[in-house]
>>> print(open('query29.txt').read())   # compact mmCIF, C-alpha atoms
# COMPACT_ATOMS: atom_id res chain seq x y z
CA MET A 11 35.45 38.28 119.29
CA GLU A 12 33.70 34.96 118.68
CA ASN A 13 33.74 34.28 122.42
CA ILE A 14 31.80 37.49 123.06
CA LYS A 15 29.34 36.59 120.30
CA LYS A 16 28.75 33.26 122.05
CA LEU A 17 28.41 35.18 125.32
CA LYS A 18 25.51 37.15 123.82
CA THR A 19 23.77 33.98 122.66
CA VAL A 20 24.06 32.30 126.07
CA VAL A 21 22.99 35.41 128.01
CA VAL A 22 19.94 36.10 125.83
CA GLN A 23 18.82 32.44 125.87
CA ASN A 24 19.21 32.22 129.64
CA VAL A 25 17.68 35.57 130.64
CA ARG A 26 14.67 35.13 128.33
CA LYS A 27 13.57 32.26 130.57
CA GLY A 28 12.69 34.87 133.16
CA ILE A 29 11.68 37.78 130.94
CA ILE A 30 9.78 37.01 127.75
CA GLY A 31 9.85 38.96 124.49
CA LYS A 32 12.59 41.42 125.46
CA ASP A 33 15.62 40.04 123.60
CA PRO A 34 16.69 43.50 122.29
CA VAL A 35 16.62 44.89 125.86
CA ILE A 36 18.66 41.93 127.13
CA GLU A 37 21.26 42.54 124.41
CA LEU A 38 21.46 46.22 125.36
CA LEU A 39 22.00 45.23 129.00
CA LEU A 40 24.92 43.07 127.92
CA ILE A 41 26.35 45.87 125.76
CA ALA A 42 26.14 48.27 128.71
CA PHE A 43 27.80 45.68 130.93
CA LEU A 44 30.70 45.21 128.50
CA SER A 45 31.00 49.01 128.23
CA GLU A 46 30.99 49.28 132.06
CA GLY A 47 28.08 51.68 131.72
CA HIS A 48 24.83 52.19 133.65
CA ILE A 49 21.20 52.06 132.54
CA LEU A 50 18.10 54.10 133.40
CA LEU A 51 14.91 52.06 132.96
CA GLU A 52 11.84 54.26 132.56
CA ASP A 53 8.71 52.16 132.79
CA LEU A 54 5.45 51.71 134.62
CA PRO A 55 5.35 49.37 137.65
CA GLY A 56 4.83 45.69 136.90
CA MET A 57 6.73 45.57 133.60
CA GLY A 58 9.30 43.06 134.83
CA LYS A 59 12.23 45.36 135.52
CA THR A 60 13.24 43.61 138.74
CA MET A 61 12.92 40.16 137.15
CA LEU A 62 15.04 41.33 134.22
CA VAL A 63 17.86 42.49 136.49
CA ARG A 64 17.65 39.40 138.73
CA SER A 65 17.77 37.07 135.73
CA PHE A 66 20.68 38.98 134.21
CA SER A 67 22.73 38.95 137.42
CA LYS A 68 22.02 35.25 138.04
CA THR A 69 23.14 34.37 134.51
CA LEU A 70 26.42 36.22 135.07
CA ASP A 71 26.70 34.75 138.60
CA LEU A 72 27.26 38.22 140.06
CA PRO A 73 25.98 39.47 143.45
CA PHE A 74 22.84 41.59 143.08
CA LYS A 75 21.42 44.16 145.49
CA ARG A 76 18.12 46.03 145.24
CA ILE A 77 17.81 49.47 146.83
CA GLN A 78 14.31 50.95 147.23
CA PHE A 79 14.82 54.71 147.06
CA THR A 80 12.59 56.84 149.29
CA PRO A 81 12.71 60.48 150.48
CA ASP A 82 13.98 59.41 153.93
CA LEU A 83 16.82 57.27 152.55
CA LEU A 84 20.18 58.64 153.71
CA PRO A 85 23.52 58.46 151.86
CA GLY A 86 24.87 56.17 154.60
CA ASP A 87 22.02 53.74 153.95
CA ILE A 88 23.48 52.95 150.53
CA THR A 89 27.21 53.56 151.01
CA GLY A 90 27.65 52.10 154.48
CA VAL A 91 28.54 53.60 157.85
CA SER A 92 31.40 53.71 160.32
CA PHE A 93 30.53 52.67 163.87
CA TYR A 94 32.43 52.24 167.10
CA ASN A 95 32.89 48.64 168.19
CA GLN A 96 32.99 48.84 171.98
CA LYS A 97 34.28 45.29 172.30
CA GLU A 98 37.24 45.87 169.97
CA ARG A 99 37.52 49.54 170.98
CA GLU A 100 37.94 50.72 167.43
CA PHE A 101 35.88 52.05 164.54
CA GLU A 102 34.65 49.57 161.97
CA PHE A 103 32.99 50.04 158.61
CA ARG A 104 29.75 48.30 157.73
CA GLU A 105 29.36 48.08 153.96
CA GLY A 106 26.15 49.31 152.35
CA PRO A 107 24.33 47.71 149.40
CA LEU A 108 26.51 49.60 146.89
CA PHE A 109 29.23 47.07 147.67
CA SER A 110 27.93 44.63 145.10
CA HIS A 111 28.45 44.03 141.40
CA ILE A 112 24.94 44.72 140.06
CA ILE A 113 22.66 47.29 141.71
CA LEU A 114 18.96 47.82 141.07
CA ALA A 115 18.24 51.40 142.17
CA ASP A 116 14.44 51.29 142.29
CA GLU A 117 12.57 54.61 141.87
CA ILE A 118 15.79 56.61 141.99
CA ASN A 119 13.94 59.91 141.56
CA ARG A 120 12.27 59.46 144.97
CA ALA A 121 15.59 59.94 146.75
CA THR A 122 16.78 63.38 147.85
CA PRO A 123 19.55 65.08 145.82
CA ARG A 124 22.00 64.35 148.66
CA THR A 125 21.42 60.60 148.42
CA GLN A 126 21.41 60.77 144.62
CA SER A 127 24.85 62.42 144.82
CA ALA A 128 26.21 59.47 146.81
CA LEU A 129 25.03 57.16 144.05
CA LEU A 130 26.45 59.55 141.45
CA GLU A 131 29.95 59.24 142.93
CA ALA A 132 29.72 55.45 142.90
CA MET A 133 28.55 55.40 139.28
CA GLU A 134 31.19 57.80 137.98
CA GLU A 135 34.23 57.04 140.12
CA ARG A 136 33.55 53.40 141.10
CA GLN A 137 34.18 54.50 144.68
CA ILE A 138 32.37 55.85 147.74
CA THR A 139 33.51 58.29 150.42
CA VAL A 140 32.45 57.90 154.05
CA ASP A 141 33.84 60.06 156.88
CA GLY A 142 36.52 61.40 154.57
CA GLU A 143 37.79 57.93 153.66
CA THR A 144 37.49 56.68 150.09
CA ARG A 145 36.70 53.03 149.42
CA MET A 146 36.91 51.45 145.99
CA LEU A 147 34.09 49.34 144.57
CA GLU A 148 34.84 46.05 142.86
CA ARG A 149 34.67 45.55 139.11
CA PRO A 150 32.43 44.95 137.36
CA PHE A 151 30.02 47.49 138.84
CA MET A 152 26.74 48.25 137.10
CA VAL A 153 23.77 50.34 138.23
CA LEU A 154 20.33 49.79 136.72
CA ALA A 155 18.07 52.56 137.98
CA THR A 156 14.32 52.77 137.49
CA GLN A 157 11.81 55.60 137.56
CA ASN A 158 8.12 55.92 136.77
CA PRO A 159 7.82 58.26 133.75
CA ILE A 160 4.30 59.51 134.56
CA GLU A 161 4.52 60.05 138.33
CA SER A 162 5.95 63.32 139.61
CA TYR A 163 4.42 63.82 143.09
CA GLY A 164 7.02 63.37 145.82
CA THR A 165 9.90 62.96 143.38
CA PHE A 166 13.21 64.73 142.85
CA PRO A 167 13.96 64.93 139.10
CA LEU A 168 17.43 63.74 138.16
CA PRO A 169 19.74 66.67 137.31
CA GLU A 170 21.57 66.81 133.98
CA ALA A 171 24.82 65.88 135.75
CA GLN A 172 23.29 62.61 136.91
CA MET A 173 21.54 61.84 133.63
CA ASP A 174 24.93 62.14 131.92
CA ARG A 175 26.19 59.21 134.00
CA PHE A 176 23.77 56.80 132.34
CA LEU A 177 24.93 55.10 129.17
CA MET A 178 21.38 54.22 128.11
CA ARG A 179 17.81 55.22 128.83
CA LEU A 180 15.49 52.31 128.05
CA SER A 181 11.84 51.36 128.22
CA MET A 182 10.62 47.76 128.10
CA GLY A 183 7.04 48.55 127.13
CA TYR A 184 4.01 46.28 127.13
CA PRO A 185 4.32 42.69 125.84
CA SER A 186 2.42 41.49 122.80
CA LYS A 187 -0.67 39.29 123.25
CA GLU A 188 1.27 36.09 122.58
CA GLU A 189 4.12 37.16 124.84
CA GLU A 190 1.65 37.89 127.63
CA ARG A 191 0.06 34.46 127.11
CA ARG A 192 3.48 32.87 127.66
CA ILE A 193 4.02 35.08 130.72
CA LEU A 194 0.72 33.85 132.22
CA LEU A 195 1.69 30.22 131.56
CA ASN A 196 5.07 30.83 133.18
CA THR A 197 3.39 31.96 136.41
CA LEU A 198 2.42 28.31 136.94
CA GLU A 199 6.07 27.41 137.57
CA ASP A 200 9.07 29.11 139.16
CA VAL A 201 11.02 29.93 136.00
CA PHE A 202 13.71 31.74 137.99
CA ASP A 203 14.97 28.35 139.22
CA THR A 204 15.59 27.30 135.61
CA ILE A 205 18.11 30.14 135.11
CA HIS A 206 21.62 28.88 135.72
CA ALA A 207 24.85 30.75 136.38
CA VAL A 208 27.12 30.10 133.41
CA PHE A 209 30.09 32.46 133.85
CA GLU A 210 32.88 33.21 136.30
CA LEU A 211 34.06 36.65 137.39
CA GLU A 212 37.50 36.48 135.76
CA GLU A 213 35.93 35.32 132.52
CA LEU A 214 33.55 38.29 132.48
CA LEU A 215 36.36 40.76 133.18
CA SER A 216 38.33 39.29 130.27
CA TYR A 217 35.33 39.83 127.96
CA ILE A 218 35.14 43.48 129.05
CA GLU A 219 38.83 43.99 128.26
CA GLU A 220 38.53 42.13 124.95
CA SER A 221 35.66 44.37 123.81
CA LYS A 222 37.95 47.40 124.24
CA LYS A 223 40.19 46.03 121.48
CA VAL A 224 37.58 46.63 118.76
CA ARG A 225 39.15 48.97 116.20
CA ALA A 226 37.59 51.97 114.46
CA LYS A 227 38.96 53.23 111.15
CA LYS A 228 39.37 56.96 110.61
CA ASP A 229 36.20 57.32 108.52
CA VAL A 230 34.16 55.49 111.18
CA MET A 231 35.66 57.65 113.92
CA ASP A 232 34.86 60.77 111.86
CA TYR A 233 31.28 59.53 111.48
CA LEU A 234 30.93 59.31 115.28
CA LEU A 235 32.52 62.73 115.84
CA ASN A 236 30.33 64.38 113.19
CA LEU A 237 27.24 62.87 114.79
CA VAL A 238 28.25 64.18 118.21
CA GLU A 239 29.05 67.62 116.80
CA LYS A 240 25.62 67.88 115.15
CA THR A 241 23.91 67.42 118.52
CA ARG A 242 25.72 70.52 119.79
CA ASP A 243 24.68 72.68 116.83
CA HIS A 244 21.09 71.48 116.34
CA ASP A 245 18.50 74.13 117.23
CA LYS A 246 16.04 71.51 118.54
CA ILE A 247 18.54 69.98 120.97
CA SER A 248 19.01 72.09 124.10
CA VAL A 249 22.06 70.22 125.43
CA GLY A 250 24.40 68.43 123.06
CA VAL A 251 26.44 65.31 123.75
CA SER A 252 29.25 65.95 126.24
CA PRO A 253 32.80 64.60 125.82
CA ARG A 254 31.85 61.98 128.43
CA GLY A 255 28.91 61.09 126.25
CA SER A 256 31.04 60.70 123.12
CA ILE A 257 33.39 58.35 125.00
CA ALA A 258 30.38 56.35 126.18
CA LEU A 259 29.01 56.15 122.62
CA PHE A 260 32.39 54.94 121.37
CA ARG A 261 32.63 52.23 124.07
CA ALA A 262 29.06 51.11 123.50
CA SER A 263 29.70 50.88 119.74
CA GLN A 264 32.80 48.81 120.44
CA ALA A 265 30.72 46.45 122.60
CA LYS A 266 28.00 46.25 119.93
CA ALA A 267 30.60 45.21 117.34
CA ALA A 268 32.04 42.68 119.80
CA VAL A 269 28.69 40.96 120.47
CA GLU A 270 28.29 40.66 116.69
CA GLY A 271 31.62 38.84 116.60
CA ARG A 272 33.60 41.60 114.89
CA SER A 273 36.95 43.13 115.84
CA PHE A 274 36.16 46.31 113.92
CA MET A 275 33.45 48.96 114.25
CA LEU A 276 30.96 49.91 111.54
CA PRO A 277 28.80 53.05 111.22
CA GLU A 278 25.81 50.75 111.81
CA ASP A 279 27.09 50.02 115.32
CA ILE A 280 27.17 53.74 116.08
CA GLN A 281 23.69 54.24 114.60
CA TYR A 282 22.32 51.38 116.69
CA MET A 283 23.74 52.78 119.92
CA ALA A 284 22.91 56.42 119.17
>>> encode(input="query29.txt", output="structure tokens")
Amino acid sequence: MENIKKLKTVVVQNVRKGIIGKDPVIELLLIAFLSEGHILLEDLPGMGKTMLVRSFSKTLDLPFKRIQFTPDLLPGDITGVSFYNQKEREFEFREGPLFSHIILADEINRATPRTQSALLEAMEERQITVDGETRMLERPFMVLATQNPIESYGTFPLPEAQMDRFLMRLSMGYPSKEEERRILLNTLEDVFDTIHAVFELEELLSYIEESKKVRAKKDVMDYLLNLVEKTRDHDKISVGVSPRGSIALFRASQAKAAVEGRSFMLPEDIQYMA
């Protein structure tokens, strides 16, 4: 797992050139990536969410697409559409922005439930369906969705089914005074040009597979299962962790152990990810 530990060091050092003071968030992005999970970023506008995702995707040298969700956005606008090519006299498929490796779904709660459902299928199944035909999306595939936590007018709240598809729900928060000073100084130069792609696709896929080999002893597994079970019995928790959620917690804990350079899981990994 030493290679994955080095991966974390390189990713954090590279991405922090574009986003200052958010090393823990960058690490969580990498953990979600290794877990093949998705992230919901809840933050006010102007916090650097887009820059974070752009810097992360450039570091990994993966194609990045940004989708601005609005009430008039149709499912076909994100999945793609079939159209009749009169010259060739046959139907052709034009791929939508979901056919990328990293997706920034900006203001996801402004889209209608129908469009949200199209994204839901892509997130869960790694596939999209258009005109009855299913098309697979390439691995790795990661969605980073954003929503404004204090704005509700003209929005469509995400249903529980969709929330369950996100591995993490994060907030970047305001920078400290010194961090903001560095941000202001960085505006004098184009720091994005200093971020270099340092990985290849096959290399990244091998890291994902390697992280799955992290072992969990019986007592550690019991710790995770007991934690999950408590969420279902607790009187202050309306909806406990689903089986999908427990699998996601296990994979995220594996990835956390891997970025620490370990081939075995500890209760601390589970606590960190829970």
>>> closest_residue(input="query29.txt", among="A:Glu102, A:Met57, A:Gly142, A:Leu84", to="Gln126 in chain A", atoms="only C-alpha atoms")
A:Leu84
>>> residues_around(input="query29.txt", residues="Leu51 in chain A", least_positions_apart="2", cutoff="6 Å", atoms="all atoms listed in the file", output="list in words")
Ala155, Thr156, Arg179, Leu180 and Ser181 of chain A
>>> atom_distance(input="query29.txt", atom1="CA of Leu237 in chain A", atom2="CA of Phe274 in chain A")
18.8 Å
>>> axis_aligned_box(input="query29.txt", around="range 226-237 of chain A", padding_each_side="8 Å", output="AutoDock Vina command-line options")
--center_x 33.3 --center_y 58.2 --center_z 112.2 --size_x 28.1 --size_y 28.4 --size_z 23.3
>>> closest_residue(input="query29.txt", among="A:Met146, A:Ala128, A:Leu235, A:Val269", to="Lys18 in chain A", atoms="all atoms listed in the file")
A:Val269
>>> residues_around(input="query29.txt", residues="Glu278 in chain A", least_positions_apart="6", cutoff="12 Å", atoms="all atoms listed in the file", output="PDB file with C-alpha atoms, in the frame of the given file")
ATOM      1  CA  VAL A 230      34.160  55.490 111.180  1.00  0.00           C
ATOM      2  CA  TYR A 233      31.280  59.530 111.480  1.00  0.00           C
ATOM      3  CA  LEU A 234      30.930  59.310 115.280  1.00  0.00           C
ATOM      4  CA  SER A 263      29.700  50.880 119.740  1.00  0.00           C
ATOM      5  CA  GLN A 264      32.800  48.810 120.440  1.00  0.00           C
ATOM      6  CA  LYS A 266      28.000  46.250 119.930  1.00  0.00           C
ATOM      7  CA  ALA A 267      30.600  45.210 117.340  1.00  0.00           C
ATOM      8  CA  GLU A 270      28.290  40.660 116.690  1.00  0.00           C
ATOM      9  CA  ALA A 284      22.910  56.420 119.170  1.00  0.00           C
TER      10      ALA A 284
END
>>> residues_near_point(input="query29.txt", point="(12.1, 52.9, 136.0)", cutoff="9 Å", atoms="only C-alpha atoms", output="compact mmCIF listing (two decimals) with C-alpha atoms, in the frame of the given file")
# COMPACT_ATOMS: atom_id res chain seq x y z
CA LEU A 50 18.10 54.10 133.40
CA LEU A 51 14.91 52.06 132.96
CA GLU A 52 11.84 54.26 132.56
CA ASP A 53 8.71 52.16 132.79
CA LEU A 54 5.45 51.71 134.62
CA PRO A 55 5.35 49.37 137.65
CA LYS A 59 12.23 45.36 135.52
CA ALA A 115 18.24 51.40 142.17
CA ASP A 116 14.44 51.29 142.29
CA GLU A 117 12.57 54.61 141.87
CA ILE A 118 15.79 56.61 141.99
CA LEU A 154 20.33 49.79 136.72
CA ALA A 155 18.07 52.56 137.98
CA THR A 156 14.32 52.77 137.49
CA GLN A 157 11.81 55.60 137.56
CA ASN A 158 8.12 55.92 136.77
CA PRO A 159 7.82 58.26 133.75
CA LEU A 180 15.49 52.31 128.05
CA SER A 181 11.84 51.36 128.22
>>> atom_distance(input="query29.txt", atom1="CA of Asn119 in chain A", atom2="CA of His48 in chain A")
15.5 Å
>>> closest_atom_pairs(input="query29.txt", of="range 166-219 of chain A", to="range 38-44 of chain A", cutoff="8 Å", atoms="only C-alpha atoms", output="CSV")
residue,atom,partner,partner_atom,distance
A:Leu177,CA,A:Ala42,CA,7.0
A:Met178,CA,A:Ala42,CA,7.6
A:Tyr217,CA,A:Leu44,CA,7.1
A:Ile218,CA,A:Leu44,CA,4.8
>>> closest_residue(input="query29.txt", among="A:Arg64, A:Arg254, A:Lys75, A:Arg191", to="Met173 in chain A", atoms="only C-alpha atoms")
A:Arg254
